[in-house]
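Have a look at entry.txt; it's compact mmCIF, C-alpha atoms:
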```
# COMPACT_ATOMS: atom_id res chain seq x y z
CA MET C 210 -7.68 -5.07 -14.13
CA ILE C 211 -6.83 -1.46 -13.43
CA VAL C 212 -3.35 -0.28 -14.45
CA ARG C 213 -2.17 3.24 -13.59
CA ASP C 214 1.21 4.93 -13.70
CA PHE C 215 2.12 7.48 -11.03
CA ASN C 216 4.46 9.24 -13.46
CA LYS C 217 1.70 9.69 -16.05
CA ILE C 218 -0.93 10.73 -13.50
CA VAL C 219 1.17 13.61 -12.18
CA LYS C 220 1.52 14.96 -15.73
CA THR C 221 -1.92 14.33 -17.20
CA ASP C 222 -4.56 13.67 -14.54
CA PRO C 223 -4.77 16.65 -12.16
CA ALA C 224 -8.03 15.40 -10.65
CA ARG C 225 -6.04 12.61 -8.98
CA VAL C 226 -3.36 14.97 -7.61
CA VAL C 227 -4.44 16.70 -4.42
CA SER C 228 -2.27 19.21 -2.59
CA ASP C 229 -2.65 20.96 0.72
CA ALA C 230 -0.23 22.69 3.06
CA GLN C 231 3.18 21.26 2.09
CA TRP C 232 1.94 17.85 0.98
CA THR C 233 0.73 16.31 -2.27
CA SER C 234 -1.21 13.07 -2.58
CA VAL C 235 -1.60 11.14 -5.82
CA ARG C 236 -4.69 8.99 -5.64
CA MET C 237 -3.82 5.73 -7.38
CA LEU C 238 -7.03 3.99 -6.21
CA LEU C 239 -10.19 5.56 -4.80
CA ALA C 240 -13.49 4.30 -3.45
CA ASP C 241 -15.11 4.03 -6.87
CA ASP C 242 -12.48 1.50 -7.97
CA GLY C 243 -14.30 -0.99 -5.76
CA MET C 244 -11.25 -2.47 -4.02
CA GLY C 245 -12.51 -1.74 -0.49
CA PHE C 246 -9.47 0.43 0.25
CA SER C 247 -7.80 3.40 -1.38
CA PHE C 248 -4.11 3.70 -2.22
CA HIS C 249 -2.19 6.96 -2.45
CA ILE C 250 1.39 8.05 -3.01
CA THR C 251 1.93 11.03 -0.74
CA THR C 252 4.89 13.41 -0.76
CA LEU C 253 5.58 15.66 2.23
CA GLN C 254 7.89 18.60 1.74
CA ALA C 255 11.22 18.71 3.56
CA GLY C 256 10.94 20.66 6.78
CA SER C 257 7.16 20.35 7.04
CA GLU C 258 5.09 19.32 10.05
CA HIS C 259 1.55 17.96 9.96
CA THR C 260 -1.00 17.10 12.62
CA PHE C 261 -3.48 14.47 11.47
CA GLU C 262 -6.16 12.41 13.13
CA TYR C 263 -8.17 10.09 10.89
CA LYS C 264 -11.13 9.62 13.20
CA ASN C 265 -13.08 7.81 10.51
CA HIS C 266 -10.36 5.85 8.71
CA PHE C 267 -7.63 3.31 9.31
CA GLU C 268 -4.44 4.31 7.50
CA SER C 269 -1.14 2.56 6.94
CA VAL C 270 1.86 4.51 5.67
CA TYR C 271 5.03 2.92 4.26
CA CYS C 272 8.11 5.10 3.78
CA MET C 273 9.68 4.63 0.35
CA GLN C 274 12.01 7.61 0.47
CA GLY C 275 13.13 10.38 2.81
CA LYS C 276 13.58 10.94 6.51
CA GLY C 277 11.32 12.15 9.29
CA SER C 278 9.49 11.19 12.43
CA ILE C 279 6.06 10.54 13.84
CA THR C 280 4.88 11.46 17.32
CA ASP C 281 1.94 9.59 18.81
CA LEU C 282 0.05 12.33 20.65
CA SER C 283 -1.66 9.87 23.00
CA THR C 284 1.64 8.49 24.36
CA GLY C 285 4.13 11.24 23.48
CA GLU C 286 6.35 8.61 21.87
CA THR C 287 8.33 9.56 18.73
CA HIS C 288 9.41 7.04 16.08
CA GLN C 289 12.01 7.72 13.42
CA ILE C 290 10.88 7.28 9.81
CA THR C 291 13.33 6.08 7.17
CA PRO C 292 12.79 3.95 4.04
CA GLY C 293 11.23 0.63 5.05
CA VAL C 294 9.44 1.94 8.13
CA MET C 295 5.66 1.60 8.21
CA TYR C 296 3.22 3.02 10.69
CA ALA C 297 -0.41 1.98 10.95
CA LEU C 298 -3.01 4.10 12.70
CA ASN C 299 -5.01 1.19 14.08
CA LEU C 300 -6.42 3.31 16.92
CA HIS C 301 -7.15 6.35 14.70
CA ASP C 302 -4.14 7.78 16.52
CA ARG C 303 -3.80 11.55 16.55
CA HIS C 304 -0.21 12.26 15.52
CA ILE C 305 2.36 14.75 14.29
CA LEU C 306 4.30 13.80 11.17
CA ARG C 307 7.56 15.65 10.54
CA SER C 308 9.61 15.56 7.37
CA GLU C 309 13.33 16.31 7.71
CA GLU C 310 14.00 15.28 4.11
CA GLU C 311 11.20 15.01 1.55
CA LEU C 312 9.14 11.94 2.45
CA VAL C 313 7.51 9.76 -0.20
CA MET C 314 4.95 7.43 1.33
CA ALA C 315 2.67 4.62 0.10
CA CYS C 316 -0.64 4.99 1.97
CA CYS C 317 -3.66 2.68 2.28
CA PHE C 318 -6.99 3.89 3.67
CA ASN C 319 -9.94 1.87 4.92
CA PRO C 320 -12.68 2.81 4.28
CA PRO C 321 -11.43 4.04 0.92
CA VAL C 322 -11.11 7.78 0.38
CA THR C 323 -13.62 9.02 -2.21
CA GLY C 324 -11.32 11.73 -3.55
CA THR C 325 -13.31 14.74 -2.47
CA GLU C 326 -12.19 14.91 1.17
CA VAL C 327 -9.96 17.64 2.50
CA HIS C 328 -8.33 17.67 5.90
CA ARG C 329 -10.59 19.39 8.35
CA GLU C 330 -9.31 21.69 11.07
CA ASP C 331 -9.12 18.79 13.49
CA GLY C 332 -6.81 16.87 11.10
CA SER C 333 -9.44 14.30 10.07
CA TYR C 334 -11.22 13.39 6.88
CA ALA C 335 -15.00 13.23 6.98
CA ALA C 336 -16.59 9.79 7.17
CA PRO C 337 -18.10 8.65 3.85
CA ASP C 338 -21.61 9.50 5.04
CA GLU C 339 -20.58 12.99 6.18
CA GLY C 340 -19.92 13.94 2.55
CA MET J 207 -0.17 2.88 16.61
CA ILE J 208 1.76 0.05 15.03
CA VAL J 209 5.30 0.82 13.84
CA ARG J 210 7.32 -1.81 11.96
CA ASP J 211 10.55 -1.66 9.98
CA PHE J 212 10.96 -3.84 6.89
CA ASN J 213 14.74 -3.89 7.40
CA LYS J 214 14.41 -5.19 10.95
CA ILE J 215 11.71 -7.73 10.11
CA VAL J 216 13.82 -9.43 7.45
CA LYS J 217 16.61 -9.92 10.01
CA THR J 218 14.71 -10.76 13.16
CA ASP J 219 11.12 -11.84 12.47
CA PRO J 220 11.10 -14.88 10.16
CA ALA J 221 7.42 -15.57 10.85
CA ARG J 222 6.60 -12.47 8.82
CA VAL J 223 8.84 -13.44 5.88
CA VAL J 224 7.19 -15.93 3.54
CA SER J 225 8.91 -17.37 0.49
CA ASP J 226 7.69 -19.55 -2.32
CA ALA J 227 8.94 -20.23 -5.84
CA GLN J 228 11.17 -17.24 -6.63
CA TRP J 229 9.29 -14.71 -4.54
CA THR J 230 9.47 -13.47 -0.95
CA SER J 231 6.75 -11.53 0.83
CA VAL J 232 7.29 -9.55 4.02
CA ARG J 233 4.03 -9.16 5.84
CA MET J 234 4.02 -5.68 7.32
CA LEU J 235 0.32 -5.86 8.32
CA LEU J 236 -1.89 -8.93 8.62
CA ALA J 237 -5.52 -9.61 9.47
CA ASP J 238 -4.93 -9.64 13.20
CA ASP J 239 -3.71 -6.04 13.09
CA GLY J 240 -7.34 -5.06 12.61
CA MET J 241 -6.86 -2.59 9.75
CA GLY J 242 -9.29 -4.37 7.39
CA PHE J 243 -6.53 -4.90 4.82
CA SER J 244 -3.08 -6.45 4.83
CA PHE J 245 0.08 -4.82 3.50
CA HIS J 246 3.09 -6.72 2.17
CA ILE J 247 6.41 -5.88 0.55
CA THR J 248 6.97 -8.55 -2.07
CA THR J 249 10.18 -9.20 -4.00
CA LEU J 250 10.12 -11.27 -7.21
CA GLN J 251 13.40 -12.67 -8.47
CA ALA J 252 14.79 -11.44 -11.80
CA GLY J 253 13.78 -13.75 -14.62
CA SER J 254 10.87 -15.32 -12.76
CA GLU J 255 7.31 -15.85 -13.98
CA HIS J 256 4.24 -16.34 -11.81
CA THR J 257 0.61 -17.20 -12.52
CA PHE J 258 -1.74 -15.91 -9.83
CA GLU J 259 -5.48 -15.64 -9.44
CA TYR J 260 -6.78 -14.26 -6.17
CA LYS J 261 -10.29 -15.60 -6.42
CA ASN J 262 -11.07 -14.54 -2.88
CA HIS J 263 -9.15 -11.30 -2.54
CA PHE J 264 -8.76 -7.88 -4.12
CA GLU J 265 -5.09 -6.97 -4.48
CA SER J 266 -3.32 -3.80 -5.53
CA VAL J 267 0.39 -3.89 -6.38
CA TYR J 268 2.60 -0.80 -6.68
CA CYS J 269 6.04 -1.16 -8.26
CA MET J 270 8.75 0.51 -6.18
CA GLN J 271 11.74 -0.98 -7.98
CA GLY J 272 12.58 -3.21 -10.95
CA LYS J 273 11.16 -4.03 -14.34
CA GLY J 274 8.68 -6.58 -15.61
CA SER J 275 5.24 -7.06 -17.10
CA ILE J 276 1.77 -8.35 -16.32
CA THR J 277 -0.49 -10.23 -18.71
CA ASP J 278 -4.22 -10.22 -18.09
CA LEU J 279 -5.22 -13.76 -19.02
CA SER J 280 -8.83 -12.79 -19.68
CA THR J 281 -7.93 -10.23 -22.37
CA GLY J 282 -4.41 -11.30 -23.38
CA GLU J 283 -3.24 -7.74 -22.84
CA THR J 284 0.26 -7.17 -21.45
CA HIS J 285 1.25 -4.06 -19.46
CA GLN J 286 4.82 -3.03 -18.74
CA ILE J 287 5.77 -2.64 -15.09
CA THR J 288 8.32 -0.04 -14.02
CA PRO J 289 8.63 2.03 -10.82
CA GLY J 290 5.42 4.02 -10.32
CA VAL J 291 3.13 1.56 -12.12
CA MET J 292 0.29 0.07 -10.09
CA TYR J 293 -2.07 -2.70 -11.06
CA ALA J 294 -5.24 -3.56 -9.17
CA LEU J 295 -7.00 -6.91 -9.54
CA ASN J 296 -10.52 -5.52 -9.18
CA LEU J 297 -12.00 -8.46 -11.09
CA HIS J 298 -9.89 -11.11 -9.31
CA ASP J 299 -8.08 -11.19 -12.66
CA ARG J 300 -6.07 -14.30 -13.44
CA HIS J 301 -2.67 -13.06 -14.61
CA ILE J 302 0.95 -13.82 -15.34
CA LEU J 303 3.54 -11.62 -13.65
CA ARG J 304 7.02 -11.59 -15.16
CA SER J 305 10.12 -10.06 -13.63
CA GLU J 306 12.90 -9.01 -16.01
CA GLU J 307 14.80 -7.25 -13.23
CA GLU J 308 14.09 -7.96 -9.57
CA LEU J 309 10.72 -6.40 -8.74
CA VAL J 310 9.97 -4.87 -5.34
CA MET J 311 6.26 -4.30 -4.89
CA ALA J 312 3.99 -2.77 -2.22
CA CYS J 313 0.85 -4.94 -2.05
CA CYS J 314 -2.51 -4.40 -0.33
CA PHE J 315 -5.00 -7.24 0.13
CA ASN J 316 -8.70 -7.06 0.98
CA PRO J 317 -9.82 -9.10 2.84
CA PRO J 318 -6.57 -9.07 4.77
CA VAL J 319 -4.27 -12.06 4.49
CA THR J 320 -4.05 -13.94 7.80
CA GLY J 321 -0.43 -15.00 7.28
CA THR J 322 -0.96 -18.73 7.00
CA GLU J 323 -2.06 -18.89 3.35
CA VAL J 324 0.07 -20.39 0.63
CA HIS J 325 -0.60 -20.14 -3.06
CA ARG J 326 -2.69 -23.10 -4.15
CA GLU J 327 -2.16 -24.87 -7.44
CA ASP J 328 -4.70 -22.61 -9.11
CA GLY J 329 -2.73 -19.50 -8.08
CA SER J 330 -5.23 -18.39 -5.42
CA TYR J 331 -5.19 -17.95 -1.69
CA ALA J 332 -7.95 -19.64 0.29
CA ALA J 333 -10.78 -17.43 1.50
CA PRO J 334 -10.60 -16.64 5.24
CA ASP J 335 -13.30 -19.21 6.00
CA GLU J 336 -11.52 -21.92 3.99
CA GLY J 337 -8.66 -21.84 6.52
```
Translate this structure into structure tokens?
Amino acid sequence: MIVRDFNKIVKTDPARVVSDAQWTSVRMLLADDGMGFSFHITTLQAGSEHTFEYKNHFESVYCMQGKGSITDLSTGETHQITPGVMYALNLHDRHILRSEEELVMACCFNPPVTGTEVHREDGSYAAPDEG
Amino acid sequence: MIVRDFNKIVKTDPARVVSDAQWTSVRMLLADDGMGFSFHITTLQAGSEHTFEYKNHFESVYCMQGKGSITDLSTGETHQITPGVMYALNLHDRHILRSEEELVMACCFNPPVTGTEVHREDGSYAAPDEG
């Protein structure tokens, strides 16, 4: 059994806390935990906007706190995000995520993130075999 | 893209809301969503105690609200559960989950739950090929 505490990780385990432009992701579970998925708590700063496209991953995102919206760039449709709303990128959907108030999200990735990825210019993470 | 709202599901989509002895699980994502994992928001009543053993699944559980504890029945060790604590059953660990205050948990399962499982007497879910 693995037991980890978000509140301890943010204070004592910087290797699990990854930040990029106006977002921070705390990696609660990564590929080497052997669960077959990874699990992250991601915080997006109020007023930020992000274009992502996980070409190599499925991701689900559950809003625990905050307010924002997501635009599906293939359809142009925009969905409001409030606590309790989940979106799942089952088609590797390219999208824009906007945070009106700081968003705190519980995120699952399949295949699991290894922990060394960064977002590439096209908004994706590399596939596991791309390093 | 799949978008679902926990608050709407609990009012309008009873097929996604599964209850058993003192717990309720809202299935936000199931096997047929094709994500390779399932994602559930599970509420455990205050004062309840549950013995589970997911022999056929990996499960991670992130505490969003409430207070309780988990005992690993293979080691006897007990861990406190408060918001921000996650446990992951990477060894299909048989365990007792206790809720002192109502617990609200974000749960990921691999392989994904199909939605028709119930807990069997041994605390497990059937494997996908056991129906």
*Which residue of C:Gly285, C:Gly332, C:Gly256, C:Gly243 approaches chain J most closely, using all atoms listed in the file*: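 Looking only at the distances to chain J, the closest residue turns out to be C:Gly243.
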Could the residues of chain C that have an atom at most 7 Å from chain J be listed as a Markdown table, each with its closest atom pair and the distance in Å to one decimal, counting only C-alpha atoms and ordered by chain and ascending residue number?
```
| residue | atom | partner | partner_atom | distance |
| --- | --- | --- | --- | --- |
| C:Met210 | CA | J:Leu295 | CA | 5.0 |
| C:Ile211 | CA | J:Ala294 | CA | 5.0 |
| C:Val212 | CA | J:Tyr293 | CA | 4.4 |
| C:Arg213 | CA | J:Met292 | CA | 5.3 |
| C:Asp214 | CA | J:Val291 | CA | 4.2 |
| C:Phe215 | CA | J:Gly290 | CA | 4.8 |
| C:Asn216 | CA | J:Gly290 | CA | 6.2 |
| C:Gly243 | CA | J:Asn296 | CA | 6.8 |
| C:Met244 | CA | J:Phe264 | CA | 6.0 |
| C:Gly245 | CA | J:Asn316 | CA | 6.7 |
| C:Phe267 | CA | J:Met241 | CA | 6.0 |
| C:Gly293 | CA | J:Phe212 | CA | 4.8 |
| C:Val294 | CA | J:Asp211 | CA | 4.2 |
| C:Met295 | CA | J:Arg210 | CA | 5.3 |
| C:Tyr296 | CA | J:Val209 | CA | 4.4 |
| C:Ala297 | CA | J:Ile208 | CA | 5.0 |
| C:Leu298 | CA | J:Met207 | CA | 5.0 |
| C:Asn299 | CA | J:Met207 | CA | 5.7 |
| C:Leu300 | CA | J:Met207 | CA | 6.3 |
| C:Asp302 | CA | J:Met207 | CA | 6.3 |
| C:Asn319 | CA | J:Gly242 | CA | 6.7 |
```
*Give as a ChimeraX atom specification each residue that has an atom at most 7 Å from (10.9, 19.2, 7.4) in the file, counting only C-alpha atoms.*
/C:254-258,307-310
Please produce an output containing C-alpha atoms for each residue in the selection, written as an mmCIF file, keeping the file's coordinate frame.
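Everything below was put into selection.cif:
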```
data_model
loop_
_atom_site.group_PDB
_atom_site.id
_atom_site.type_symbol
_atom_site.label_atom_id
_atom_site.label_comp_id
_atom_site.auth_asym_id
_atom_site.auth_seq_id
_atom_site.Cartn_x
_atom_site.Cartn_y
_atom_site.Cartn_z
ATOM 1 C CA GLN C 254 7.890 18.600 1.740
ATOM 2 C CA ALA C 255 11.220 18.710 3.560
ATOM 3 C CA GLY C 256 10.940 20.660 6.780
ATOM 4 C CA SER C 257 7.160 20.350 7.040
ATOM 5 C CA GLU C 258 5.090 19.320 10.050
ATOM 6 C CA ARG C 307 7.560 15.650 10.540
ATOM 7 C CA SER C 308 9.610 15.560 7.370
ATOM 8 C CA GLU C 309 13.330 16.310 7.710
ATOM 9 C CA GLU C 310 14.000 15.280 4.110
#
```
_Separation of CA of Ser231 in chain J from CA of Gly321 in chain J in Å_ =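 Taking CA of Gly321 in chain J and CA of Ser231 in chain J, their separation equals 10.3 Å.
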*Which one of C:Asp331, C:Asp241, C:Glu286, C:Glu326 sits closest to Val227 in chain C if you count all atoms listed in the file?*
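Ranked by minimum distance to Val227 in chain C, first place goes to C:Glu326.
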*Would you mind listing what lies within 8 Å of Thr320 in chain J as a list of chain:residue names, with all atoms listed in the file counted and same-chain residues fewer than 2 positions away left out?*
J:Leu236, J:Ala237, J:Asp238, J:Pro318, J:Thr322, J:Glu323, J:Pro334
*Have a look at C:Ser333, C:Val235, C:Gly277, C:Thr287 and name the one nearest to Thr221 in chain C; count all atoms listed in the file.*
C:Val235
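Computed from the coordinates, the CA of Val322 in chain C to CA of Ala335 in chain C distance equals 9.4 Å.
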